[in-house]
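> Dumping the structure here so I can ask a few things about it.
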Amino acid sequence: MVDLKGQYENIKERVDSSIMNVIETTAFVNGTEVHEFQKELEQYLGVKHVIPCANGTDALQIAMMGLGLKPGDEVITADFTFAATVEVIALLQLTPVLVDVDPINFNIDIEAIKKAITPKTKAIVPVHLFGLAANMDEIMAIAEEHNLYVIEDNAQGIGADYTSKDGSKKKTGTIGHVASTSFFPSKNLGCYGDGGAIFTNDDDLAHIIRGIVNHGMYVRYHHDVVGVNSRLDSIQAAVLRAKLPHLDNYNKARIEAANKYSEAFKGIENIITPGGFDSEKNLSEKSHVFHQYTLKIKNADRDALVNHLNEKGIPCGVYYPIPLHLQKAYKDERYKEEDFTVTNQLIKEVISLPMHTELDDEQIKYITETIINFVAK
Ligand SMILES: *Cc1c(COP(=O)(O)O)cnc(C)c1O
């Protein structure tokens, strides 16, 4: 699914010397690399504060802690996402409220958000799923009307641009009140282990969060709030500093591979390629950075296709095979199946193809021909 070795070969010198430098200087925790990476990422994103932490799940949890959400507060998020999003809501004893997604672009459904709002609702967590920016204009408008926080889960969307209706552009993760991201190795900006970060433009919130990640300390050994220990280590920061200057090119390579896939599948009736927007326009604007390239397979056996691809040596994934509202841990009697018609259908149809920065034309040709032959037969 990903080719991390090939990508490493191209930046080996910088990565190796930076890692060696961390070891030589023994600044393993909170060293220069972490501070420099933080500043460089702030600059890249155009956001006032980046607070590095240990992973993307922590980042989400800490963002919610920073906002002071209380047990029983309702948090609306998408039924179709990685479990981490809902996990931290539940862990903080907030009440997750899962809602359906859009059938075309897989992101949280705007009407479903509106329907789910109650007097207890305190926050919305849009996920920029598979690398495509959620509809932030609408989400921010709903949030403003109902006085809600917006926490962007940007684990899959780093580097994507969101273009507002007025034509202005912002990076995903810089639009809501606070955002989280993950530097897990397979993410668009991945380190060589675990890592994550929180972003915000709010000075007060940034201050609160900097204490929370460090055991609730604002002054050494004075613990003002209950915090956590969540740090990005210096070796991972060194890897991320080596990769950040290439992020736009990495995303460009993903977009190009996605366009080649979509071109090859053009006119194949049973295969619905990602999008649902004016793809030419949006792709050139980098609104989709293709963390995953996800097809919908209609009127054909998706699971048989998965097996067939595995036999042909083509890795693929089903993200996600079970909607969160049907997961044992997150069942809730408030959910009605008729409110999840899209996610219940998507789990049967979706398949994600290999997507990384090193895909070549020959691989794409082999993958697309194998799929077309199978689906057409
Ligand atoms: C990967 C991911 C996370 C969690 O990130 P980790 O660094 O693995 O903890 C959260 N949300 C989404 C949507 C993700 O894809």
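Ligands are numbered from 1 in the order shown, residues from 1 within each chain, and chains are lettered A, B, ... in the order they appear in the structure tokens.
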Could you list, as a ChimeraX atom specification, all protein and nucleic acid residues with an atom at most 10 Å from ligand 1, counting only C-alpha atoms and all ligand atoms?
/A:53-61,78,80-88,126-131,152-157,180-187,190,193-197,291-292,319
> Report the residues of range 8-218 of chain A whose backbone DSSP state falls under alpha helix (DSSP H), written as a PyMOL selection string.
chain A and resi 8-25+32-45+56-66+84-91+110-116+136-146+203-212
> Need the shell around range 14-16 of chain A: protein/DNA/RNA residues with any atom at most 7 Å away, counting only C-alpha atoms. Skip same-chain ones fewer than 4 positions apart. Format as number ranges by chain?
A: 20, 239, 242
> Which residue, A:His146, A:Lys286, A:Lys252, A:Lys336, has the smallest gap to Val99 in chain A when you use only C-alpha atoms?
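Answer, going by the shortest atom-to-atom distance: A:Lys336.
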> Please run DSSP on the backbone and report, as JSON, numbers by chain, all residues within range 149-340 of chain A that come out as strand (DSSP E).
{"A": [149, 150, 151, 152, 153, 161, 162, 163, 169, 170, 171, 178, 179, 180, 181, 182, 196, 197, 198, 199, 200, 217, 218, 219, 222, 223, 271, 272, 293, 294, 295, 296, 297]}
> Please list as a ChimeraX atom specification every residue within 6 Å of Asn107 in chain A, counting only C-alpha atoms and excluding residues in the same chain fewer than 5 positions away.
/A:101-102,134
> Report as a list in words all protein, DNA and RNA residues lying within 12 Å of Glu362 in chain A, evaluated on only C-alpha atoms, omitting residues in the same chain fewer than 6 positions from it.
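Close residues of Glu362 in chain A: Ala257, Lys260, Tyr261, Thr368 and Glu369 of chain A.
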> Using C-alpha atoms, can you export the residues from the last selection as a PDB file, in the first residue's frame?

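Ended up saving to out-v9.pdb:
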```
ATOM      1  CA  ALA A 257      -1.126   8.926  -9.345  1.00  0.00           C
ATOM      2  CA  LYS A 260      -3.834   8.337 -13.611  1.00  0.00           C
ATOM      3  CA  TYR A 261      -5.990   5.828 -11.772  1.00  0.00           C
ATOM      4  CA  THR A 368      -5.943  -0.763 -13.146  1.00  0.00           C
ATOM      5  CA  GLU A 369      -5.939  -3.474 -15.837  1.00  0.00           C
TER       6      GLU A 369
END
```
> Nearest to Pro119 in chain A: which of A:Phe28, A:Ile151, A:Met140, A:Gly72 is it, counting only C-alpha atoms?
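Of A:Phe28, A:Ile151, A:Met140, A:Gly72, the one nearest Pro119 in chain A, counting only C-alpha atoms, is A:Gly72.
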> Leaving out Lys296 in chain A and any residue of its chain fewer than 5 positions from it, which residues lie within 10 Å of it when counting only C-alpha atoms, given as a PyMOL selection string?
chain A and resi 103-104+270-274+302+345-352
> Could you write out the selected residues, including C-alpha atoms, as a short mmCIF file (atom, residue, chain, number, x, y, z; two decimals), in the first residue's frame?

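The result, stored in result_36.cif:
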```
data_model
loop_
_atom_site.label_atom_id
_atom_site.label_comp_id
_atom_site.auth_asym_id
_atom_site.auth_seq_id
_atom_site.Cartn_x
_atom_site.Cartn_y
_atom_site.Cartn_z
CA PRO A 103 -22.09 9.28 -0.54
CA ILE A 104 -19.86 10.99 -3.08
CA ASN A 270 -19.10 -0.50 -12.18
CA ILE A 271 -16.29 1.65 -10.86
CA ILE A 272 -16.93 5.00 -9.23
CA THR A 273 -13.74 7.01 -8.85
CA PRO A 274 -13.25 9.44 -5.95
CA ARG A 302 -16.06 -6.18 -3.75
CA GLN A 345 -23.75 1.02 1.86
CA LEU A 346 -20.16 2.31 1.64
CA ILE A 347 -18.76 -0.49 3.79
CA LYS A 348 -19.89 -2.95 1.10
CA GLU A 349 -18.51 -0.97 -1.85
CA VAL A 350 -15.27 0.76 -0.93
CA ILE A 351 -11.78 -0.42 -1.81
CA SER A 352 -8.58 1.59 -1.44
#
```
> Got a sec: who's within 7 Å of range 221-238 of chain A, counting only C-alpha atoms, leaving out chain neighbours fewer than 3 positions off, as a list in words?
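Here the answer would be Ser18, Ile19, Val22, Ala27, Phe28, Val29, Asn30, Gly31, Glu33, Val34, Phe37, Pro52, Cys53, Ala54, Cys191, Tyr192, Gly193, Gly195, Gly196, Ile212, Val213, Asn214, His215, Gly216, Met217, Tyr218, Arg241 and Ala242 of chain A.
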> Suppose we keep C-alpha atoms; can you now write the selection as an mmCIF file, in the first residue's frame?

```cif
data_model
loop_
_atom_site.group_PDB
_atom_site.id
_atom_site.type_symbol
_atom_site.label_atom_id
_atom_site.label_comp_id
_atom_site.auth_asym_id
_atom_site.auth_seq_id
_atom_site.Cartn_x
_atom_site.Cartn_y
_atom_site.Cartn_z
ATOM 1 C CA SER A 18 19.936 14.554 11.314
ATOM 2 C CA ILE A 19 19.289 11.394 13.297
ATOM 3 C CA VAL A 22 20.334 13.986 17.681
ATOM 4 C CA ALA A 27 18.902 16.003 23.007
ATOM 5 C CA PHE A 28 16.427 13.134 22.795
ATOM 6 C CA VAL A 29 13.406 14.908 24.241
ATOM 7 C CA ASN A 30 12.306 18.484 23.518
ATOM 8 C CA GLY A 31 15.524 19.175 21.644
ATOM 9 C CA GLU A 33 14.814 19.459 16.258
ATOM 10 C CA VAL A 34 11.390 19.505 17.915
ATOM 11 C CA PHE A 37 10.081 21.467 13.328
ATOM 12 C CA PRO A 52 3.837 18.561 18.869
ATOM 13 C CA CYS A 53 2.762 15.446 20.767
ATOM 14 C CA ALA A 54 3.162 11.676 20.743
ATOM 15 C CA CYS A 191 7.887 9.938 10.648
ATOM 16 C CA TYR A 192 9.668 6.661 11.436
ATOM 17 C CA GLY A 193 7.584 5.788 14.461
ATOM 18 C CA GLY A 195 4.147 11.322 16.247
ATOM 19 C CA GLY A 196 1.375 13.883 16.184
ATOM 20 C CA ILE A 212 -1.697 19.653 29.215
ATOM 21 C CA VAL A 213 0.870 17.800 27.069
ATOM 22 C CA ASN A 214 3.384 18.293 29.869
ATOM 23 C CA HIS A 215 1.573 16.839 32.929
ATOM 24 C CA GLY A 216 -0.535 19.950 33.399
ATOM 25 C CA MET A 217 2.540 22.025 34.277
ATOM 26 C CA TYR A 218 2.828 25.709 33.435
ATOM 27 C CA ARG A 241 12.117 18.250 9.307
ATOM 28 C CA ALA A 242 13.812 16.357 6.500
#
```
> Can you work out the spacing between CA of Thr357 in chain A and CA of Ser17 in chain A in Å, to one decimal?
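Between CA of Thr357 in chain A and CA of Ser17 in chain A the gap works out to 22.6 Å.
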> If you measure from CA of Ile51 in chain A to CA of Val75 in chain A, what distance in Å do you get, rounded to one decimal?
22.5 Å
> Between A:Ile255, A:Leu240, A:Val50, A:Ile268, which one has atoms that come closest to His207 in chain A, using only C-alpha atoms?
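Going through A:Ile255, A:Leu240, A:Val50, A:Ile268 one by one, the smallest distance to His207 in chain A is for A:Val50.
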> I'd like to know which of A:Ala63, A:Gln327, A:Leu359, A:Ile297 is closest to Ile372 in chain A, using only C-alpha atoms.
A:Ile297
> For CA of Gln93 in chain A and CA of Pro71 in chain A, quote the distance in Å rounded to one decimal.
4.8 Å
